[in-house]
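Peer 1: Have a look at this one.
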Amino acid sequence: MSMVDEPLYPIAVLIDELKNDDIQLRLNSIRRLSIIARALGEERTRKELIPFLSESNDDDDEVLLAMAEELGVFIPYVGGIDHANVLLPPLETLSAVEETCVREKAVDSLCRIGSQMKEKDLVDHFIPLAKRLSAGEWFTARVSACGIFHIAYASAPDLVKTELRSIYSQLCQDDMPMVRRAAATNLGKFATTIESAHLKTDIMSMFEDLTQDDQDSVRLLAVESCAALGKLLEPQDCVAHILPVIVNFSQELSSDSSQHVRSALASVIMGMAPVLGKDATIEHLLPIFLSLLKDEFPDVRLNIISKLDQVNQVHSIRDAAANNLKRLAEEFGPEWAMQHIVPQVLEMINNPHYLYRMTVLRAVSLLAPVMGSEITCSKLLPAVITASKDRQVVEKMIRPCLVELSEDPDVDVRFFANQALQSIDNVMMSS
């Protein structure tokens, strides 16, 4: 082969291997794209290699995933950011495929490229791409569109920004739940690019629509965006716009069809606490959070648990509640926790349902390091000992809790924990 023909060889190999029936050969070829691009040079990469990839009809997910990943770092091989737009067509195609992991990688690569593009190129190429995906016939394209709006919006002219907000609002109300889930997931990222005047109108309207969705997975994702949205608003606006949604939402939980939404709410409350401040948290959020500790009879309130093995599904709710009690105590200090948390927790130690008592013991083990030795020894450990006659709870919660406390850095906590371990051993042996 002559030196003149050598540059033709890599593209010939690529075409040959991409048409091969052997998936591994095709995959290896895709993973060598950067080597092939360097051999071809920037111009031939733009004019031959990228169009070839755009027209490729490979249907193997592993090959498509590798292609989506490679293209995300391909700007240097097409001539730099001035030519970044040539990488958009193949990624647009990959953003609409059926396989989720391929679409997600394509969206990641689009965001990576878009974040480096010049403003004019974003307006001329990236924003039209976002619009096309948003209007895609298949829901897969519309799902991907939700993930790139935060890149498209920032550089758009004012009139186009108005249009993009309107399109995103339509995605929040899409017929397909998968699209609405994607809109809810990406709402926080999109909101970071929105002007403050439109945050309180357009974005909050979208947020409220999503929190009232008929799909529990959409509501869940919407609730999880509360903290992200709250951080973008002034504290008074957060109290005015986000807090009512959380409070209203919590009031509807007794008829909510999903225990996962309840669990998410517990995490959201702690995310909101630093944004709202101590007073608003105590007044509005703490009662909601403490009510989650009583979520031990989902079969009564939610009417979805009918089998014993399904009770395990609400373990995450109890665990979220106990963990967030600890975070509240850390946020506002032991004295505040002693006044607002510990009494409510300890009240449940005598509840006839053993799951209540297990929640208390889990909370005790998490609160002890935060509360300090005096409160732990005088208030928390006696509650553990009180529950030690409960054979059902001892092995599942009390013993692991006490073993953990017996290794506490504080000597008094270790002493009383070991005493409590001996006490429950004696009680178990004598009963």
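As shown in the structure tokens, the chain order sets the letters A, B, ...; within each chain, residues go from 1, and ligands are also counted from 1 in the order they appear.
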Near region 102-108 of chain A, within 12 Å and counting only C-alpha atoms, which residues show up once chain neighbours fewer than 3 positions away are dropped, as a ChimeraX atom specification?

Peer 2: /A:59-73,87-99,111-115,129-130,133,139-151,182,186
